[in-house]
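Asker: Okay, so here is input-v5.pdb, and as you'll see once you scroll down, it has PDB, C-alpha atoms.
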ATOM      1  CA  GLN A  11      79.760  94.526  -1.570  1.00  0.00           C
ATOM      2  CA  SER A  12      82.887  96.657  -1.804  1.00  0.00           C
ATOM      3  CA  GLU A  13      83.107  99.908   0.154  1.00  0.00           C
ATOM      4  CA  THR A  14      84.884 102.840  -1.494  1.00  0.00           C
ATOM      5  CA  LEU A  15      87.020 104.797   0.962  1.00  0.00           C
ATOM      6  CA  THR A  16      86.849 108.542   0.491  1.00  0.00           C
ATOM      7  CA  LYS A  17      87.689 109.625   4.049  1.00  0.00           C
ATOM      8  CA  GLY A  18      89.944 108.128   6.672  1.00  0.00           C
ATOM      9  CA  THR A  19      93.495 107.085   7.496  1.00  0.00           C
ATOM     10  CA  LEU A  20      95.465 104.119   6.189  1.00  0.00           C
ATOM     11  CA  SER A  21      98.771 103.207   7.843  1.00  0.00           C
ATOM     12  CA  TYR A  22     101.421 100.765   6.634  1.00  0.00           C
ATOM     13  CA  GLN A  23     104.616  99.462   8.199  1.00  0.00           C
ATOM     14  CA  MET A  24     107.518  99.637   5.764  1.00  0.00           C
ATOM     15  CA  THR A  25     110.595  97.437   5.732  1.00  0.00           C
ATOM     16  CA  VAL A  26     113.474  97.900   3.283  1.00  0.00           C
ATOM     17  CA  GLN A  27     116.367  95.421   3.196  1.00  0.00           C
ATOM     18  CA  ILE A  28     119.501  96.102   1.144  1.00  0.00           C
ATOM     19  CA  ASP A  29     121.886  93.189   0.565  1.00  0.00           C
ATOM     20  CA  ASP A  30     124.848  94.368  -1.443  1.00  0.00           C
ATOM     21  CA  ALA A  31     128.162  92.488  -1.501  1.00  0.00           C
ATOM     22  CA  ASN A  32     130.045  95.688  -2.325  1.00  0.00           C
ATOM     23  CA  MET A  33     128.196  98.300  -0.282  1.00  0.00           C
ATOM     24  CA  GLY A  34     127.221  96.080   2.656  1.00  0.00           C
ATOM     25  CA  ASN A  35     123.845  95.267   4.188  1.00  0.00           C
ATOM     26  CA  GLU A  36     121.405  97.793   5.575  1.00  0.00           C
ATOM     27  CA  THR A  37     117.878  97.619   6.986  1.00  0.00           C
ATOM     28  CA  TYR A  38     115.444 100.522   6.953  1.00  0.00           C
ATOM     29  CA  SER A  39     112.110 100.594   8.732  1.00  0.00           C
ATOM     30  CA  GLY A  40     109.372 103.145   8.505  1.00  0.00           C
ATOM     31  CA  THR A  41     105.755 104.009   8.030  1.00  0.00           C
ATOM     32  CA  LEU A  42     103.537 105.118   5.186  1.00  0.00           C
ATOM     33  CA  ASN A  43     100.416 107.013   6.254  1.00  0.00           C
ATOM     34  CA  LEU A  44      97.674 108.057   3.851  1.00  0.00           C
ATOM     35  CA  LEU A  45      95.124 110.641   4.961  1.00  0.00           C
ATOM     36  CA  LEU A  46      92.010 110.870   2.783  1.00  0.00           C
ATOM     37  CA  ASP A  47      89.289 113.503   2.586  1.00  0.00           C
ATOM     38  CA  THR A  48      87.028 113.373  -0.476  1.00  0.00           C
ATOM     39  CA  ASP A  49      89.135 115.148  -3.135  1.00  0.00           C
ATOM     40  CA  LYS A  50      92.340 115.422  -1.106  1.00  0.00           C
ATOM     41  CA  ILE A  51      95.064 112.987  -0.090  1.00  0.00           C
ATOM     42  CA  LYS A  52      98.161 113.392   2.065  1.00  0.00           C
ATOM     43  CA  THR A  53     100.951 110.825   2.120  1.00  0.00           C
ATOM     44  CA  VAL A  54     103.572 110.872   4.852  1.00  0.00           C
ATOM     45  CA  THR A  55     106.547 108.522   4.555  1.00  0.00           C
ATOM     46  CA  THR A  56     108.985 108.227   7.451  1.00  0.00           C
ATOM     47  CA  ILE A  57     112.122 106.097   7.079  1.00  0.00           C
ATOM     48  CA  THR A  58     114.691 105.216   9.762  1.00  0.00           C
ATOM     49  CA  SER A  59     117.939 103.342   9.113  1.00  0.00           C
ATOM     50  CA  SER A  60     119.584 100.821  11.422  1.00  0.00           C
ATOM     51  CA  LYS A  61     122.001 103.659  12.293  1.00  0.00           C
ATOM     52  CA  ASN A  62     119.020 105.692  13.546  1.00  0.00           C
ATOM     53  CA  SER A  63     119.201 108.353  10.854  1.00  0.00           C
ATOM     54  CA  SER A  64     115.726 109.305   9.696  1.00  0.00           C
ATOM     55  CA  MET A  65     113.974 111.249   6.977  1.00  0.00           C
ATOM     56  CA  GLN A  66     110.400 112.188   6.222  1.00  0.00           C
ATOM     57  CA  TYR A  67     108.665 112.949   2.947  1.00  0.00           C
ATOM     58  CA  ALA A  68     105.161 114.384   2.828  1.00  0.00           C
ATOM     59  CA  ALA A  69     102.995 115.185  -0.158  1.00  0.00           C
ATOM     60  CA  ILE A  70      99.551 116.757  -0.288  1.00  0.00           C
ATOM     61  CA  TYR A  71      97.387 116.533  -3.403  1.00  0.00           C
ATOM     62  CA  ASN A  72      94.148 118.405  -4.107  1.00  0.00           C
ATOM     63  CA  SER A  73      92.476 116.932  -7.184  1.00  0.00           C
ATOM     64  CA  THR A  74      89.878 119.681  -7.453  1.00  0.00           C
ATOM     65  CA  LEU A  75      92.506 122.430  -7.576  1.00  0.00           C
ATOM     66  CA  GLN A  76      95.025 120.195  -9.410  1.00  0.00           C
ATOM     67  CA  LYS A  77      97.690 121.518  -7.042  1.00  0.00           C
ATOM     68  CA  GLY A  78      99.776 120.126  -4.233  1.00  0.00           C
ATOM     69  CA  LEU A  79     102.614 120.520  -1.756  1.00  0.00           C
ATOM     70  CA  TYR A  80     105.813 118.524  -1.229  1.00  0.00           C
ATOM     71  CA  LEU A  81     107.759 118.606   2.059  1.00  0.00           C
ATOM     72  CA  PHE A  82     111.097 117.053   3.042  1.00  0.00           C
ATOM     73  CA  ASN A  83     112.605 116.859   6.528  1.00  0.00           C
ATOM     74  CA  ALA A  84     115.993 115.207   7.100  1.00  0.00           C
ATOM     75  CA  MET A  85     119.565 115.899   8.194  1.00  0.00           C
ATOM     76  CA  GLY A  86     118.564 119.174   9.797  1.00  0.00           C
ATOM     77  CA  GLN A  87     116.978 120.433   6.586  1.00  0.00           C
ATOM     78  CA  LYS A  88     113.315 121.310   6.198  1.00  0.00           C
ATOM     79  CA  LEU A  89     112.444 122.027   2.578  1.00  0.00           C
ATOM     80  CA  GLY A  90     109.120 122.610   0.859  1.00  0.00           C
ATOM     81  CA  ALA A  91     107.796 123.199  -2.647  1.00  0.00           C
ATOM     82  CA  LYS A  92     104.422 123.952  -4.159  1.00  0.00           C
ATOM     83  CA  MET A  93     103.143 121.860  -7.066  1.00  0.00           C
ATOM     84  CA  SER A  94     101.608 123.741  -9.965  1.00  0.00           C
ATOM     85  CA  GLU A  95      98.937 122.132 -12.112  1.00  0.00           C
ATOM     86  CA  GLY A  96     101.642 120.844 -14.460  1.00  0.00           C
ATOM     87  CA  ASN A  97     103.700 119.387 -11.587  1.00  0.00           C
ATOM     88  CA  TYR A  98     100.576 117.781 -10.163  1.00  0.00           C
ATOM     89  CA  LYS A  99      99.838 115.949 -13.392  1.00  0.00           C
ATOM     90  CA  GLU A 100     103.417 114.606 -13.503  1.00  0.00           C
ATOM     91  CA  GLN A 101     102.762 112.906 -10.177  1.00  0.00           C
ATOM     92  CA  VAL A 102      99.475 111.216 -11.124  1.00  0.00           C
ATOM     93  CA  TYR A 103     101.400 108.208 -12.404  1.00  0.00           C
ATOM     94  CA  GLY A 104     104.792 108.569 -10.789  1.00  0.00           C
ATOM     95  CA  ALA A 105     103.592 108.470  -7.176  1.00  0.00           C
ATOM     96  CA  ARG A 106     102.367 104.887  -7.415  1.00  0.00           C
ATOM     97  CA  ILE A 107     104.343 102.201  -5.620  1.00  0.00           C
ATOM     98  CA  VAL A 108     103.918  99.698  -8.469  1.00  0.00           C
ATOM     99  CA  ASN A 109     104.347 100.868 -12.087  1.00  0.00           C
ATOM    100  CA  ASP A 110     105.089  99.333 -15.508  1.00  0.00           C
ATOM    101  CA  ILE A 111     102.622  96.487 -15.010  1.00  0.00           C
ATOM    102  CA  GLU A 112     102.464  93.806 -17.703  1.00  0.00           C
ATOM    103  CA  ARG A 113      99.853  91.483 -16.196  1.00  0.00           C
ATOM    104  CA  VAL A 114      98.246  90.378 -12.930  1.00  0.00           C
ATOM    105  CA  GLU A 115      98.183  86.705 -11.996  1.00  0.00           C
ATOM    106  CA  THR A 116      95.475  85.794  -9.476  1.00  0.00           C
ATOM    107  CA  THR A 117      95.841  82.844  -7.083  1.00  0.00           C
ATOM    108  CA  GLU A 118      93.663  80.851  -4.688  1.00  0.00           C
ATOM    109  CA  GLU A 119      95.805  81.770  -1.665  1.00  0.00           C
ATOM    110  CA  THR A 120      94.350  83.985   1.064  1.00  0.00           C
ATOM    111  CA  LYS A 121      95.380  85.425   4.433  1.00  0.00           C
ATOM    112  CA  THR A 122      93.675  87.612   7.020  1.00  0.00           C
ATOM    113  CA  ILE A 123      95.059  91.105   7.620  1.00  0.00           C
ATOM    114  CA  LEU A 124      93.350  93.472  10.084  1.00  0.00           C
ATOM    115  CA  GLY A 125      90.280  91.226   9.998  1.00  0.00           C
ATOM    116  CA  TYR A 126      89.961  91.410   6.196  1.00  0.00           C
ATOM    117  CA  THR A 127      90.224  88.303   4.051  1.00  0.00           C
ATOM    118  CA  CYS A 128      92.893  89.115   1.484  1.00  0.00           C
ATOM    119  CA  LYS A 129      93.523  87.395  -1.820  1.00  0.00           C
ATOM    120  CA  LYS A 130      97.043  86.878  -3.131  1.00  0.00           C
ATOM    121  CA  ALA A 131      98.026  88.133  -6.586  1.00  0.00           C
ATOM    122  CA  LEU A 132     101.338  88.245  -8.421  1.00  0.00           C
ATOM    123  CA  VAL A 133     101.865  91.457 -10.370  1.00  0.00           C
ATOM    124  CA  HIS A 134     104.296  91.000 -13.253  1.00  0.00           C
ATOM    125  CA  VAL A 135     106.224  94.177 -14.111  1.00  0.00           C
ATOM    126  CA  LYS A 136     108.575  95.067 -16.935  1.00  0.00           C
ATOM    127  CA  GLY A 137     112.149  93.982 -16.294  1.00  0.00           C
ATOM    128  CA  GLY A 138     111.601  92.959 -12.681  1.00  0.00           C
ATOM    129  CA  ALA A 139     110.547  90.198 -10.319  1.00  0.00           C
ATOM    130  CA  PRO A 140     106.811  89.716  -9.707  1.00  0.00           C
ATOM    131  CA  VAL A 141     105.319  91.868  -6.952  1.00  0.00           C
ATOM    132  CA  GLU A 142     103.397  89.853  -4.347  1.00  0.00           C
ATOM    133  CA  VAL A 143     100.179  91.559  -3.287  1.00  0.00           C
ATOM    134  CA  TYR A 144      97.531  90.606  -0.736  1.00  0.00           C
ATOM    135  CA  TYR A 145      94.387  92.682  -1.247  1.00  0.00           C
ATOM    136  CA  THR A 146      90.848  92.809   0.053  1.00  0.00           C
ATOM    137  CA  ASP A 147      87.986  93.278  -2.364  1.00  0.00           C
ATOM    138  CA  SER A 148      85.845  94.510   0.536  1.00  0.00           C
ATOM    139  CA  LEU A 149      87.498  97.924   0.240  1.00  0.00           C
ATOM    140  CA  THR A 150      88.511 100.088  -2.688  1.00  0.00           C
ATOM    141  CA  LEU A 151      90.241 103.448  -2.621  1.00  0.00           C
ATOM    142  CA  GLU A 152      89.043 106.569  -4.401  1.00  0.00           C
ATOM    143  CA  THR A 153      91.775 107.280  -6.924  1.00  0.00           C
ATOM    144  CA  PHE A 154      91.478 111.074  -7.062  1.00  0.00           C
ATOM    145  CA  SER A 155      91.707 111.477 -10.822  1.00  0.00           C
ATOM    146  CA  GLY A 156      94.176 108.601 -11.083  1.00  0.00           C
ATOM    147  CA  LEU A 157      96.484 109.696  -8.276  1.00  0.00           C
ATOM    148  CA  ASN A 158      96.657 106.908  -5.734  1.00  0.00           C
ATOM    149  CA  THR A 159      99.872 105.673  -4.172  1.00  0.00           C
ATOM    150  CA  LEU A 160      98.422 102.187  -3.655  1.00  0.00           C
ATOM    151  CA  ALA A 161      96.523 101.782  -6.935  1.00  0.00           C
ATOM    152  CA  ILE A 162      97.597  98.721  -8.914  1.00  0.00           C
ATOM    153  CA  GLU A 163      96.104  98.274 -12.358  1.00  0.00           C
ATOM    154  CA  GLY A 164      94.324  94.947 -12.634  1.00  0.00           C
ATOM    155  CA  ILE A 165      93.651  94.578  -8.903  1.00  0.00           C
ATOM    156  CA  ASP A 166      90.093  95.411  -7.880  1.00  0.00           C
ATOM    157  CA  GLY A 167      90.516  96.130  -4.208  1.00  0.00           C
ATOM    158  CA  LEU A 168      92.739  97.662  -1.550  1.00  0.00           C
ATOM    159  CA  PRO A 169      96.248  96.174  -1.131  1.00  0.00           C
ATOM    160  CA  LEU A 170      96.997  95.492   2.538  1.00  0.00           C
ATOM    161  CA  GLN A 171     100.384  93.888   1.918  1.00  0.00           C
ATOM    162  CA  ILE A 172     102.853  94.521  -0.912  1.00  0.00           C
ATOM    163  CA  SER A 173     106.200  92.711  -1.189  1.00  0.00           C
ATOM    164  CA  MET A 174     108.606  93.569  -3.978  1.00  0.00           C
ATOM    165  CA  LYS A 175     112.225  93.238  -5.066  1.00  0.00           C
ATOM    166  CA  ILE A 176     113.948  96.201  -6.701  1.00  0.00           C
ATOM    167  CA  GLY A 177     116.923  95.185  -8.783  1.00  0.00           C
ATOM    168  CA  LYS A 178     119.087  92.471  -7.290  1.00  0.00           C
ATOM    169  CA  THR A 179     119.787  94.000  -3.895  1.00  0.00           C
ATOM    170  CA  VAL A 180     116.679  95.709  -2.480  1.00  0.00           C
ATOM    171  CA  THR A 181     113.629  94.017  -0.940  1.00  0.00           C
ATOM    172  CA  MET A 182     110.688  96.156   0.194  1.00  0.00           C
ATOM    173  CA  GLN A 183     107.463  95.354   2.039  1.00  0.00           C
ATOM    174  CA  PHE A 184     104.399  97.378   3.020  1.00  0.00           C
ATOM    175  CA  LEU A 185     102.036  95.846   5.598  1.00  0.00           C
ATOM    176  CA  ALA A 186      98.830  97.563   6.693  1.00  0.00           C
ATOM    177  CA  THR A 187      98.565  98.323  10.407  1.00  0.00           C
ATOM    178  CA  THR A 188      95.499 100.604  10.480  1.00  0.00           C
ATOM    179  CA  VAL A 189      92.353 101.160   8.445  1.00  0.00           C
ATOM    180  CA  ASP A 190      90.468 103.984  10.192  1.00  0.00           C
ATOM    181  CA  THR A 191      87.333 105.359   8.548  1.00  0.00           C
ATOM    182  CA  ILE A 192      85.905 106.932  11.723  1.00  0.00           C
ATOM    183  CA  THR A 193      88.404 109.431  13.148  1.00  0.00           C
ATOM    184  CA  LYS A 194      87.947 112.859  11.578  1.00  0.00           C
ATOM    185  CA  ILE A 195      91.034 114.422   9.988  1.00  0.00           C
ATOM    186  CA  ALA A 196      91.725 118.109  10.652  1.00  0.00           C
ATOM    187  CA  ALA A 197      91.398 120.357   7.603  1.00  0.00           C
ATOM    188  CA  SER A 198      94.821 121.813   8.424  1.00  0.00           C
ATOM    189  CA  GLU A 199      96.428 118.508   7.339  1.00  0.00           C
ATOM    190  CA  PHE A 200      95.586 119.378   3.721  1.00  0.00           C
ATOM    191  CA  GLU A 201      96.625 123.037   3.630  1.00  0.00           C
ATOM    192  CA  LEU A 202      98.747 123.907   0.608  1.00  0.00           C
ATOM    193  CA  THR A 203     100.939 126.452   2.381  1.00  0.00           C
ATOM    194  CA  ILE A 204     104.563 125.755   3.297  1.00  0.00           C
ATOM    195  CA  PRO A 205     104.791 125.415   7.107  1.00  0.00           C
ATOM    196  CA  GLU A 206     106.824 127.769   9.246  1.00  0.00           C
ATOM    197  CA  GLY A 207     110.420 126.614   9.555  1.00  0.00           C
ATOM    198  CA  TYR A 208     110.583 125.182   6.036  1.00  0.00           C
ATOM    199  CA  THR A 209     112.668 126.770   3.270  1.00  0.00           C
ATOM    200  CA  GLU A 210     110.798 127.109  -0.006  1.00  0.00           C
ATOM    201  CA  GLN A 211     112.352 125.551  -3.102  1.00  0.00           C
ATOM    202  CA  THR A 212     111.153 125.223  -6.659  1.00  0.00           C
ATOM    203  CA  TYR A 213     109.384 121.923  -7.209  1.00  0.00           C
ATOM    204  CA  GLN A 214     111.951 120.579  -9.683  1.00  0.00           C
ATOM    205  CA  ASN A 215     114.862 121.638  -7.483  1.00  0.00           C
ATOM    206  CA  LEU A 216     113.403 119.861  -4.447  1.00  0.00           C
ATOM    207  CA  LEU A 217     112.931 116.651  -6.416  1.00  0.00           C
ATOM    208  CA  PHE A 218     116.562 116.904  -7.532  1.00  0.00           C
ATOM    209  CA  LEU A 219     117.845 117.573  -4.008  1.00  0.00           C
ATOM    210  CA  THR A 220     115.911 114.696  -2.456  1.00  0.00           C
ATOM    211  CA  GLY A 221     116.270 112.271  -5.364  1.00  0.00           C
ATOM    212  CA  ASN A 222     112.635 111.440  -4.793  1.00  0.00           C
ATOM    213  CA  LYS A 223     109.240 111.523  -6.476  1.00  0.00           C
ATOM    214  CA  MET A 224     106.206 111.614  -4.256  1.00  0.00           C
TER
END
Spit out the file's structure as structure tokens when you get a sec.
Answerer:
Amino acid sequence: QSETLTKGTLSYQMTVQIDDANMGNETYSGTLNLLLDTDKIKTVTTITSSKNSSMQYAAIYNSTLQKGLYLFNAMGQKLGAKMSEGNYKEQVYGARIVNDIERVETTEETKTILGYTCKKALVHVKGGAPVEVYYTDSLTLETFSGLNTLAIEGIDGLPLQISMKIGKTVTMQFLATTVDTITKIAASEFELTIPEGYTEQTYQNLLFLTGNKM
């Protein structure tokens, strides 16, 4: 029987490889952490390049209030913006890792990740190469009114590994390193106030400055 996660921490190791004949090759590593507490979710993405430059994006979503917070920390800049109800709804779809799904192709292949037996599926997306997903149907993730970074339509379970190609030059992988449903998360992790030391921006301006959607 599948267990629905409503509280806990999920951690993934990220690897991004860029192979571009004109711009050169670059490897980025990082982490994606998801903190869950009933009607709230916090995602923290940290990325480090092979040249040791790093950046961090964090987003907090409260589905009951339909509000959130977006934080950016890189290159000596700490910027923050509050999401209104309208901004929040924009993110319900856009924050997902895999979008524009046409169909899901299931396979008989399996592998074990963190002790969970995971099934392999190929997710066919519009205009791109299939996304390879290993997921466990022992766990599902509460989607918080549709907002769920890891949700993939057509896959009934929690993805523990996602491998995808973006365009012709970028390869990206997410591999789960932790599934923790025991350790309690401090309420302060989900506060919707901009931390001290951060400069407040409008939501749209911060998205423009960071070139990112969380």
Asker: When you draw a straight line from atom CA of A:Gln211 to atom CA of A:Tyr71, how long is it in Å?
Answerer: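 About the pair atom CA of A:Gln211 and atom CA of A:Tyr71: they are 17.5 Å apart.
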Asker: Using all atoms listed in the file, which of A:Gln87, A:Thr188, A:Thr117, A:Thr41 sits nearest A:Leu216?
Answerer: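 Comparing A:Gln87, A:Thr188, A:Thr117, A:Thr41 against A:Leu216, the winner is A:Gln87.
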Asker: The PyMOL selection byres ((chain A and resi 124-133) around 6) - which residues does that actually catch in the file I just gave you? List them as an MDAnalysis selection string.
Answerer: chainID A and resid 114:117 119:123 134 140:146
Asker: Just C-alpha atoms for this one: save the residues we selected as a PDB file, in the coordinates of the input.
Answerer:
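Result saved to out12.pdb:
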ATOM      1  CA  VAL A 114      98.246  90.378 -12.930  1.00  0.00           C
ATOM      2  CA  GLU A 115      98.183  86.705 -11.996  1.00  0.00           C
ATOM      3  CA  THR A 116      95.475  85.794  -9.476  1.00  0.00           C
ATOM      4  CA  THR A 117      95.841  82.844  -7.083  1.00  0.00           C
ATOM      5  CA  GLU A 119      95.805  81.770  -1.665  1.00  0.00           C
ATOM      6  CA  THR A 120      94.350  83.985   1.064  1.00  0.00           C
ATOM      7  CA  LYS A 121      95.380  85.425   4.433  1.00  0.00           C
ATOM      8  CA  THR A 122      93.675  87.612   7.020  1.00  0.00           C
ATOM      9  CA  ILE A 123      95.059  91.105   7.620  1.00  0.00           C
ATOM     10  CA  HIS A 134     104.296  91.000 -13.253  1.00  0.00           C
ATOM     11  CA  PRO A 140     106.811  89.716  -9.707  1.00  0.00           C
ATOM     12  CA  VAL A 141     105.319  91.868  -6.952  1.00  0.00           C
ATOM     13  CA  GLU A 142     103.397  89.853  -4.347  1.00  0.00           C
ATOM     14  CA  VAL A 143     100.179  91.559  -3.287  1.00  0.00           C
ATOM     15  CA  TYR A 144      97.531  90.606  -0.736  1.00  0.00           C
ATOM     16  CA  TYR A 145      94.387  92.682  -1.247  1.00  0.00           C
ATOM     17  CA  THR A 146      90.848  92.809   0.053  1.00  0.00           C
TER      18      THR A 146
END
Asker: Here is a test: counting all atoms listed in the file, which residue of A:Ser198, A:Thr58, A:Ser148, A:Thr181 is nearest to A:Leu168?
Answerer: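 Closest to A:Leu168, using all atoms listed in the file: A:Ser148.
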Asker: I'd like to know which of A:Glu36, A:Glu13, A:Asp29, A:Glu199 is closest to A:Ile176, using only C-alpha atoms.
Answerer: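 Going through A:Glu36, A:Glu13, A:Asp29, A:Glu199 one by one, the smallest distance to A:Ile176 is for A:Asp29.
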Asker: Find the residue from A:Gln23, A:Gln11, A:Thr220, A:Asn97 that sits nearest to A:Ser173; use only C-alpha atoms when measuring.
Answerer: A:Gln23
Asker: Can you tell me which residues surround A:Leu42 at a distance of at most 8 Å, considering only C-alpha atoms, apart from same-chain residues fewer than 2 positions away, and format the answer as a VMD selection string?
Answerer: chain A and resid 21 to 24 40 44 53 to 56
Asker: Select, counting only C-alpha atoms, all protein, DNA and RNA residues no farther than 12 Å from (99.8, 111.7, 3.7) in file coordinates, and express the selection as number ranges by chain.
Answerer: A: 18-22, 41-47, 50-56, 66-72, 78-81, 105, 158-159, 195, 199-201, 224
Asker: Would you put the residues from that selection into a file with C-alpha atoms, as a PDB file, keeping the file's coordinate frame?
Answerer:
ATOM      1  CA  GLY A  18      89.944 108.128   6.672  1.00  0.00           C
ATOM      2  CA  THR A  19      93.495 107.085   7.496  1.00  0.00           C
ATOM      3  CA  LEU A  20      95.465 104.119   6.189  1.00  0.00           C
ATOM      4  CA  SER A  21      98.771 103.207   7.843  1.00  0.00           C
ATOM      5  CA  TYR A  22     101.421 100.765   6.634  1.00  0.00           C
ATOM      6  CA  THR A  41     105.755 104.009   8.030  1.00  0.00           C
ATOM      7  CA  LEU A  42     103.537 105.118   5.186  1.00  0.00           C
ATOM      8  CA  ASN A  43     100.416 107.013   6.254  1.00  0.00           C
ATOM      9  CA  LEU A  44      97.674 108.057   3.851  1.00  0.00           C
ATOM     10  CA  LEU A  45      95.124 110.641   4.961  1.00  0.00           C
ATOM     11  CA  LEU A  46      92.010 110.870   2.783  1.00  0.00           C
ATOM     12  CA  ASP A  47      89.289 113.503   2.586  1.00  0.00           C
ATOM     13  CA  LYS A  50      92.340 115.422  -1.106  1.00  0.00           C
ATOM     14  CA  ILE A  51      95.064 112.987  -0.090  1.00  0.00           C
ATOM     15  CA  LYS A  52      98.161 113.392   2.065  1.00  0.00           C
ATOM     16  CA  THR A  53     100.951 110.825   2.120  1.00  0.00           C
ATOM     17  CA  VAL A  54     103.572 110.872   4.852  1.00  0.00           C
ATOM     18  CA  THR A  55     106.547 108.522   4.555  1.00  0.00           C
ATOM     19  CA  THR A  56     108.985 108.227   7.451  1.00  0.00           C
ATOM     20  CA  GLN A  66     110.400 112.188   6.222  1.00  0.00           C
ATOM     21  CA  TYR A  67     108.665 112.949   2.947  1.00  0.00           C
ATOM     22  CA  ALA A  68     105.161 114.384   2.828  1.00  0.00           C
ATOM     23  CA  ALA A  69     102.995 115.185  -0.158  1.00  0.00           C
ATOM     24  CA  ILE A  70      99.551 116.757  -0.288  1.00  0.00           C
ATOM     25  CA  TYR A  71      97.387 116.533  -3.403  1.00  0.00           C
ATOM     26  CA  ASN A  72      94.148 118.405  -4.107  1.00  0.00           C
ATOM     27  CA  GLY A  78      99.776 120.126  -4.233  1.00  0.00           C
ATOM     28  CA  LEU A  79     102.614 120.520  -1.756  1.00  0.00           C
ATOM     29  CA  TYR A  80     105.813 118.524  -1.229  1.00  0.00           C
ATOM     30  CA  LEU A  81     107.759 118.606   2.059  1.00  0.00           C
ATOM     31  CA  ALA A 105     103.592 108.470  -7.176  1.00  0.00           C
ATOM     32  CA  ASN A 158      96.657 106.908  -5.734  1.00  0.00           C
ATOM     33  CA  THR A 159      99.872 105.673  -4.172  1.00  0.00           C
ATOM     34  CA  ILE A 195      91.034 114.422   9.988  1.00  0.00           C
ATOM     35  CA  GLU A 199      96.428 118.508   7.339  1.00  0.00           C
ATOM     36  CA  PHE A 200      95.586 119.378   3.721  1.00  0.00           C
ATOM     37  CA  GLU A 201      96.625 123.037   3.630  1.00  0.00           C
ATOM     38  CA  MET A 224     106.206 111.614  -4.256  1.00  0.00           C
TER      39      MET A 224
END
Asker: Could you state the separation of atom CA of A:Gly90 and atom CA of A:Pro205 in Å, given to one decimal place?
Answerer: 8.1 Å
Asker: Nearest residue to A:Thr179 out of A:Lys92, A:Ser39, A:Ala139, A:Glu152, using only C-alpha atoms?
Answerer: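 Comparing A:Lys92, A:Ser39, A:Ala139, A:Glu152 against A:Thr179, the winner is A:Ala139.
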